[in-house]
Amino acid sequence: MFFLFIAQKTKAQKEHMFNSEGNICYIRYTCYTQNNNYENLKRPFIFVIADEGETAQEAFEKDITKDLPQFYNYMFVYIPNRGGSGIEKLKCVEALINLLTYNYTYGSANLFLQVNDKNIKQSDIESVHLNKTFKNVRLVEKTDSTGQVVQSNTITEDFKENTIAYDISSEDDDDDKYGTFYMEEDKKTDATQNVKAMKTYFGAPQVFNFTLTGVIKDRSTGEALPFASIQIKNTTKGVSSNADGYFTFQKVPTDTTTLTVQYVGYEKMDIYLTPMVNKKNFIIELNPSSQTLQTVNIIAVREDVVLSKKEDVSVIKMTPKKLEQLPNLGERDVMRSFQLMPGVSASNESSSGLYVRGGTPDQNLVLYDGFTVYHVDHLYGFFSAFNSNALKDVQLYKGGFESRFGGRLSSVTEITGKDGNQKKFNIGGDLSLLSMNVFAEIPIGEKFSSVIAFRRSYKGPIYDKIFEKFNNSSSSSSSSSQPTGGPGGMGPRQQEAKVTSFFYDLNGKFTYKPNSRDIISLSIFNGTDKLDNSTSFSAPSFGTSSSNFSISSTDLTKYGNIGSSLKWSRKWSDKFYGNTILSYSNYYSDRDRSTERTVTNSSGEENASSSGIFENNDLKDYSLKSDYQWDLFNFSQLQFGVFGTYFDINYTYAQNDTTTVLDKHNKAYLGGAYLQNKFKLFKNRVQFVPGIRTSYFETTKQLYYEPRASLSINVTDKLTLKGATGKYYQFANRVTREDILSGSKDFWLLSDGNSVPISSAIHYIGGISYETNNYLFSTEGYYKQIENLTEYSLRFNASPGGVSYSENFFTGKGFARGIEFLVQKKSGKFNGWISYTLGEARNKFDVYSDTYYPANQDVTHEFKIVALYKYKRWDFSATWVYATGRPYTAPSGAYSITLLDGSTQDFFTVTSKNSLRLPEYHRADISANYKLLKGAKGDKKRREIGYIGFSVFNLYNRTNTWYKQYSIEEGEVIETSVNYLGITPNVTLSLKLR
Amino acid sequence: MKNCISIIIQIWKKISWNKLFRGIVCLYLLSFTSCKKEETSEFTDSPIIESYLEPGNYLTVKISRQIPFATSVQYSEDNLNNLTIAVEHNNTTHTLTSLGDGNYIDSSIIVAVGENYNLSFQFNSKTVTAYTYIPTKPVNMTQSATEITIARVDSSSGPPSGGFTMPDPIEINWTNSDGSYYLILVENLETTLDPIRDFGDNAPPGNRFRKSPTNLAVEEIRSMEFQYYGTHRIILYHVLPDYATLYDDNSTSSQNLTNPSTSIVNGYGIFTGLNSDTLYVEVKE
């Protein structure tokens with residue numbers, strides 16, 4: 001084809017000719033771009049077909065959308081209306097586009113067509129196949145009374161740039177092979193709705209009340225999205241995808257229904273069903289919202305980092321993708337982020353485990369790809385064991401949780417690992433002042449995907465700071481009084497400490513999808529902390545004696561988790577789905593804080609003796625479980641399953657190499673089944689989930705029944721009432737070993753049904769939430785009654801001479817109650833939330849007190865603010881946390897008794913249990929992240945390849961007390977406040993291939 | 001308080017980005033009382049009782065106070081020398097006489113084997129009680145030797161060459177059919193102490209040493225334990241479990257704060273009965 005190119009400069013626009021006069025494809029068209037860059041092709045193109053009788057220049061002058069800031073980098077091409085029939089008017093347009101975009105170099109995903117001639121019909125577009133060429137076509141049918149074209153409010157959305165699509169070759173645009181058309185919807189369409197114009201079918205529906213099944217995925221990685229919500233637009237009727245991203249939507253009214261799909265951290269999307277779509281394996285792909293860099297009109301794009309789920313009681317959902325927006329201390333951390341929500345305590349820097357509603361971390365079930373993780377702390381608890389690069393989805397059930405979870409009294413954290421990018425190889429990493437973190441996602445063929453993530457700390461400034469905090473407690477003021485005797489004569493001896501400490505973790509997940517029904521995945525997790533603060537000191541022979549003398553002081557703590565799960569999920573039918581998980585989880589902790597004295601005498605004989613603390617805890621959990629869901633009716637989903645666990649838990653505690661204080665070995669089977677049903681009644685306004693869980697515990701040879709129920713009522717679309725209750729048992733507990741002098745520690749034990757009984761709790765929860773497009777107001781109250789708590793204390797001599805330490809387990813009960821408030825601004829450049837929790841956690845152990853006293857984790861007031869702000873390529877955030885100080889017990893005085901031999905023995909008295917409070921905890925953190933983009937500067941939308949993050953932890957350097965330590969030296973009591981971290985800046989560089 | 005204001009200002013600065021939340025925060029700040037609270041240390045003024053009841057002696061009790069760690073502690077009004085201390089014995093209640101310095105005595109009670117004694121008095125608005133009984137005198141106390149020969153050691157000349165033979169320890173036996181606790185105390189009775197070893201720069205040890213409480217029926221006294229030559233008295237005490245716990249290794253360890261389990265309610269210390277028998281041993285050069 002012969003064509004000519006003549007450019008005439010008129011203001012900013014350029015007029016061109018396509019072919020020469022007389023040619024059948026002769027078009028005088030006008031190009032215009034705001035940024036005056038006419039060279040770049042990697043940009044969206046909007047082609048405008050002029051109204052009846054208009055020239056390109058007239059259409060250009062009339063168009064008011066061309067100067068919208070959203071279209072700054074767009075190329076507008078105005079094509080004259082050449083008259084004739086609809087088809088004639090569209091002739092040669094395809095050829096022109098082909099030319100201008102150099103044969104669709106960057107695909108057709110960013111080509112848009114605006115038709116200003118109302119006589120051009122959809123059928124005309126289809127007959128010349130322009131629907132396959134353009135991503136979106138807007139037809140104008142409606143004119144107002146003056147005959148003016150009605151400009152749509154949603155043109156910016158219709159013609160929104162898709163930056164990802166530039167990297168997909170045109171073959172990959174098969175998703176769009178049906179083309180996308182958009183006709184003006186009725187005027188009632190909410191302007192704030194971020195409607196992705198995808199309507200392609202305008203005919204009459206052909207199927208009614210059918211069942212739609214499919215899977216929800218991330219568009220860029222192919223990763224299945226668990227627990228995403230899919231609803232019929234503008235109604236409350238909907239379902240959620242399951243843990244593998246599958247959904248079954250029964251009784252979809254027609255095959256032309258519009259569905260709304262949402263997932264936290266992703267763009268909300270409308271799906272226009274057509275009779276042509278696959279009803280059995282419908283694939284919905286969502287775009288991660290973080291990839292959208294646009295600065296305007298993001299009102300309804302969900303920016304929430306965390307989301308309180310509307311229909312479920314006490315459930316918070318988070319996508320690790322967005323975690324980087326929150327301030328962090330070297331690592332993005334899911335557990336830390338949950339601590340910013342109401343009902344989850346934030347004042348414990350030393351525990352990544354969650355204190356949920358007056359519960360302790362061991363009462364929170366942590367499931368990682370189906371296996372239980374028993375200890376989630378890295379580096380004294382300042383970081384959690386979960387590498388956010390390997391995580392896809394995290395849900396926290398703060399209480400009243402469903403029957404499918406069990407074995408814990410308080411809450412459930414369900415973590416789903418990434419399956420890995422299923423489309424392209426990806427690699428990335430982070431470097432912070434604390435650790436290095438690398439991950440790789442390797443797909444092999446269409447059926448296999450894998451992700452491997454590795455993280456290791458290095459002795460950077462943050463690591464050292466935390467390590468020293470723990471190992472050098474003399475950093476604060478100490479006061480002493482002198483009850484008896486003289487002052488100690490000897491000062492502490494300075495010794496060289498050679499420290500080798502680190503933590504690492506490794507996550508791997510390998511997923512195989514042989515067909516559309518089965519998924520087999522192997523997930524592996526290993527994390528280890530080694531904290532070594534050992535010193536050694538030796539003295540050569542002195543005097544005339546030929547004996548050598550050496551002391552080596554060991555302070556070694558090594559702990560970690562090894563876990564693995566093999567999961568097989570199968571979609572047996574559209575309505576029946578099941579998965580089976582075989583898992584192994586091991587938590588081990590080895591603590592050796594001892595001094596070994598070796599004396600070598602003249603004849604070369606060595607005499608060694610050790611004393612100190614030797615603590616060893618080893619927990620093994622072998623589990624097999626199967627969960628099924630069966631969509632019986634459109635209003636009822638039956639969920640049931642069976643589970644079996646074999647526990648093998650050991651704990652030994654010794655004070656020197658001959659005295660073992662405690663030595664517990666317990667093994668037992670726990671097996672059972674559950675049944676629950678999710679009813680959705682009254683047009684989905686009411687969700688009622690009754691259920692029962694039954695467990696048989698080998699040790700006690702008893703059955704335990706746990707009836708549970710939850711109810712949520714959507715009074716209006718915005719107002720929801722919620723309630724839940726249930727009974728909960730816990731068979732493996734972390735028992736607190738009370739230690740007033742050097743801080744209490746805890747260890748895992750399996751109930752023996754006797755000195756360590758099976759603990760139980762009853763929850764009562766009620767709440768109201770009011771949710772608009774932009775705001776969420778939510779309040780929930782809870783009351784938890786707990787029986788058979790266990791503590792271990794050596795403070796009380798159960799028998800004289802202290803021979804039987806196993807008697808030092810004490811049983812008590814407790815309760816926790818409170819009320820939580822949350823106000824969240826969910827969207828916009830400025831978003832965030834404020835939360836307040838008024839709580840009370842009380843325990844009663846007869847051995848400590850005959851009345852209820854504040855539990856160790858009791859926090860009365862807790863107030864948190866999280867503010868996030870987006871400005872161009874920057875993400876700013878600030879958080880502030882205030883919490884009442886935690887209770888503690890301290891030595892209160894001393895006395896001495898003269899023994900029969902005339903010597904005196906000193907004794908110390910303590911305050912009544914937990915009658916003192918540490919100073920209140922408060923802290924502000926800030927962060928700023930700058931997005932790193934790939935691509936030329938002219939392209940406004942470029943791919944994000946990482947970020948540089950700056951954050952400051954504890955901005956105003958508040959001295960928060962962790963715990964108080966007491967040492968008794970020569971009859972003196974020295975009090976030392978062990979403090980949390982002061983101001984700690986951090987820089988993180990995060991890079992990824994895609 | 002200055003701190004509190006700065007916190008509030010900081011909250012306010014953070015809040016101001018959204019007027020909507022201001023109302024809520026105002027409400028919250030009104031109830032923001034915990035800011036003003038200062039840490040208070042709790043100290044309970046409980047009395048310390050010291051009393052060993054030995055057959056043939058008068059019943060004596062010493063009352064004292066704990067030494068608090070906190071500086072700003074208020075003791076109760078009670079005067080240690082003006083307490084009404086009652087001892088119930090054989091269904092008769094006796095009131096003890098104050099001797100000053102917290103010491104009390106009842107000269108009408110001679111402690112006797114097998115008898116029960118219940119102590120009670122008011123202190124810091126609480127009733128303090130304790131009880132004990134007097135155990136039996138040790139039975140069949142025997143010793144493996146009545147004398148032991150220990151070579152004098154001169155540390156300035158180093159350890160003796162060619163080695164020396166350790167004398168056999170002295171074994172003390174008695175009858176203990178019920179697993180009771182016994183305690184051995186060894187005391188040098190010489191007026192002038194003749195040390196076996198040269199103590200160098202260290203302070204010379206006392207003339208007494210003891211063994212740990214045991215619930216066996218045998219105890220060994222090794223030659224190394226003797227510090228001086230001369231006549232020693234070996235006292236075997238039959239003690240009650242509460243006294244035995246005073247010797248618990250844990251009580252002064254830095255890992256916990258164990259208070260001896262005693263019969264004392266609302267107080268600390270020891271109120272215990274004991275009984276003893278005595279043998280003698282001669283340490284020779």
# chains A, B, ... in the order shown; residues from 1 in each chain; ligands from 1
call {"tool": "residues_around", "arguments": {"residues": "stretch 120-129 of chain B", "least_positions_apart": "6", "cutoff": "8 Å", "atoms": "only C-alpha atoms", "output": "JSON, numbers by chain"}}
result
{"B": [45, 46, 47, 76, 77, 78, 83, 84, 85, 86, 87, 263, 264, 265, 266, 267]}
call {"tool": "write_last_selection", "arguments": {"atoms": "N, CA and C atoms", "output": "PDB file, in the first residue's frame"}}
result
ATOM      1  N   ASP B  45       3.351  -4.878 104.656  1.00  0.00           N
ATOM      2  CA  ASP B  45       4.104  -4.966 105.907  1.00  0.00           C
ATOM      3  C   ASP B  45       3.672  -6.225 106.652  1.00  0.00           C
ATOM      4  N   SER B  46       4.382  -7.306 106.378  1.00  0.00           N
ATOM      5  CA  SER B  46       4.076  -8.563 107.050  1.00  0.00           C
ATOM      6  C   SER B  46       5.183  -8.846 108.059  1.00  0.00           C
ATOM      7  N   PRO B  47       4.841  -9.388 109.213  1.00  0.00           N
ATOM      8  CA  PRO B  47       5.857  -9.609 110.242  1.00  0.00           C
ATOM      9  C   PRO B  47       6.729 -10.834 109.949  1.00  0.00           C
ATOM     10  N   SER B  76       3.175  -0.342 108.902  1.00  0.00           N
ATOM     11  CA  SER B  76       1.908  -0.242 109.628  1.00  0.00           C
ATOM     12  C   SER B  76       2.171   0.381 111.008  1.00  0.00           C
ATOM     13  N   GLU B  77       1.088   0.697 111.688  1.00  0.00           N
ATOM     14  CA  GLU B  77       1.172   1.384 112.970  1.00  0.00           C
ATOM     15  C   GLU B  77       1.723   0.489 114.089  1.00  0.00           C
ATOM     16  N   ASP B  78       1.689  -0.822 113.853  1.00  0.00           N
ATOM     17  CA  ASP B  78       1.995  -1.735 114.948  1.00  0.00           C
ATOM     18  C   ASP B  78       3.397  -1.534 115.521  1.00  0.00           C
ATOM     19  N   LEU B  83       2.937  -5.993 120.937  1.00  0.00           N
ATOM     20  CA  LEU B  83       1.962  -6.866 120.296  1.00  0.00           C
ATOM     21  C   LEU B  83       1.368  -7.802 121.330  1.00  0.00           C
ATOM     22  N   THR B  84       0.145  -8.195 121.061  1.00  0.00           N
ATOM     23  CA  THR B  84      -0.479  -9.179 121.936  1.00  0.00           C
ATOM     24  C   THR B  84      -0.344 -10.534 121.265  1.00  0.00           C
ATOM     25  N   ILE B  85       0.675 -11.276 121.696  1.00  0.00           N
ATOM     26  CA  ILE B  85       0.963 -12.550 121.050  1.00  0.00           C
ATOM     27  C   ILE B  85       0.435 -13.669 121.918  1.00  0.00           C
ATOM     28  N   ALA B  86      -0.429 -14.467 121.323  1.00  0.00           N
ATOM     29  CA  ALA B  86      -1.060 -15.533 122.093  1.00  0.00           C
ATOM     30  C   ALA B  86      -0.538 -16.870 121.610  1.00  0.00           C
ATOM     31  N   VAL B  87      -0.280 -17.769 122.550  1.00  0.00           N
ATOM     32  CA  VAL B  87       0.084 -19.138 122.191  1.00  0.00           C
ATOM     33  C   VAL B  87      -0.914 -20.066 122.842  1.00  0.00           C
ATOM     34  N   SER B 263       4.253 -22.857 108.262  1.00  0.00           N
ATOM     35  CA  SER B 263       2.873 -22.859 108.727  1.00  0.00           C
ATOM     36  C   SER B 263       2.374 -21.441 108.961  1.00  0.00           C
ATOM     37  N   ILE B 264       3.219 -20.453 108.717  1.00  0.00           N
ATOM     38  CA  ILE B 264       2.854 -19.075 109.054  1.00  0.00           C
ATOM     39  C   ILE B 264       1.910 -18.499 108.014  1.00  0.00           C
ATOM     40  N   VAL B 265       0.828 -17.942 108.484  1.00  0.00           N
ATOM     41  CA  VAL B 265      -0.129 -17.281 107.606  1.00  0.00           C
ATOM     42  C   VAL B 265      -0.026 -15.789 107.857  1.00  0.00           C
ATOM     43  N   ASN B 266      -0.021 -14.997 106.776  1.00  0.00           N
ATOM     44  CA  ASN B 266       0.104 -13.533 106.844  1.00  0.00           C
ATOM     45  C   ASN B 266       1.414 -13.071 107.484  1.00  0.00           C
ATOM     46  N   GLY B 267       2.415 -13.862 107.293  1.00  0.00           N
ATOM     47  CA  GLY B 267       3.717 -13.468 107.806  1.00  0.00           C
ATOM     48  C   GLY B 267       4.782 -14.362 107.210  1.00  0.00           C
TER      49      GLY B 267
END
call {"tool": "residues_around", "arguments": {"residues": "B:Pro167", "least_positions_apart": "2", "cutoff": "10 Å", "atoms": "only C-alpha atoms", "output": "ChimeraX atom specification"}}
result
/B:148-151,164-165,169-170,222-224
call {"tool": "residues_around", "arguments": {"residues": "B:Asn215", "least_positions_apart": "3", "cutoff": "9 Å", "atoms": "only C-alpha atoms", "output": "compact mmCIF listing (two decimals) with N, CA and C atoms, in the first residue's frame"}}
result
# COMPACT_ATOMS: atom_id res chain seq x y z
N ASN B 176 15.63 -43.81 111.46
CA ASN B 176 14.69 -42.88 110.82
C ASN B 176 13.68 -43.70 110.06
N ASP B 178 10.46 -43.03 109.61
CA ASP B 178 9.35 -42.34 108.94
C ASP B 178 9.84 -41.27 107.94
N GLY B 179 11.10 -41.31 107.59
CA GLY B 179 11.61 -40.33 106.61
C GLY B 179 11.62 -38.91 107.12
N SER B 180 11.77 -38.74 108.40
CA SER B 180 11.84 -37.39 108.98
C SER B 180 13.11 -36.69 108.55
N TYR B 181 13.13 -35.38 108.74
CA TYR B 181 14.33 -34.61 108.41
C TYR B 181 15.25 -34.49 109.61
N TYR B 182 16.53 -34.67 109.33
CA TYR B 182 17.55 -34.55 110.37
C TYR B 182 18.64 -33.62 109.89
N LEU B 183 19.30 -32.99 110.85
CA LEU B 183 20.33 -32.03 110.50
C LEU B 183 21.48 -32.19 111.49
N VAL B 218 21.64 -41.62 107.86
CA VAL B 218 23.09 -41.69 107.96
C VAL B 218 23.68 -40.38 107.43
call {"tool": "closest_residue", "arguments": {"among": "B:Ala145, B:Arg152, B:Met166, B:Val239", "to": "B:Glu282", "atoms": "only C-alpha atoms"}}
result
B:Ala145
call {"tool": "select_by_dssp", "arguments": {"residues": "stretch 66-218 of chain B", "states": "strand (DSSP E or B)", "output": "PyMOL selection string"}}
result
chain B and resi 67-68+86-89+92-95+97-100+103-110+116-123+126-133+139-143+147-149+153+170-175+181-188+194-195+197+208-210+214+218
call {"tool": "atom_distance", "arguments": {"atom1": "atom CA of A:Ala109", "atom2": "atom CA of A:Lys424"}}
result
18.7 Å
call {"tool": "residues_around", "arguments": {"residues": "B:Val153", "least_positions_apart": "5", "cutoff": "7 Å", "atoms": "only C-alpha atoms", "output": "ChimeraX atom specification"}}
result
/B:196-198
call {"tool": "residues_around", "arguments": {"residues": "A:Pro514", "least_positions_apart": "5", "cutoff": "9 Å", "atoms": "only C-alpha atoms", "output": "ChimeraX atom specification"}}
result
/A:447-448,519-520
call {"tool": "residues_around", "arguments": {"residues": "stretch 205-214 of chain B", "least_positions_apart": "4", "cutoff": "9 Å", "atoms": "only C-alpha atoms", "output": "MDAnalysis selection string"}}
result
(chainID A and resid 801 901:902) or (chainID B and resid 179:190 193 199 218:221 225:228 239 243:245 247:248)
call {"tool": "select_by_dssp", "arguments": {"residues": "stretch 31-231 of chain B", "states": "helix (DSSP H, G or I)", "output": "PyMOL selection string"}}
result
chain B and resi 155-157+223-225
call {"tool": "closest_residue", "arguments": {"among": "B:Thr175, B:Asn202, B:Ser51, B:Gln66", "to": "chain A", "atoms": "only C-alpha atoms"}}
result
B:Gln66
call {"tool": "atom_distance", "arguments": {"atom1": "atom CA of A:Tyr646", "atom2": "atom CA of A:Gly563"}}
result
14.4 Å
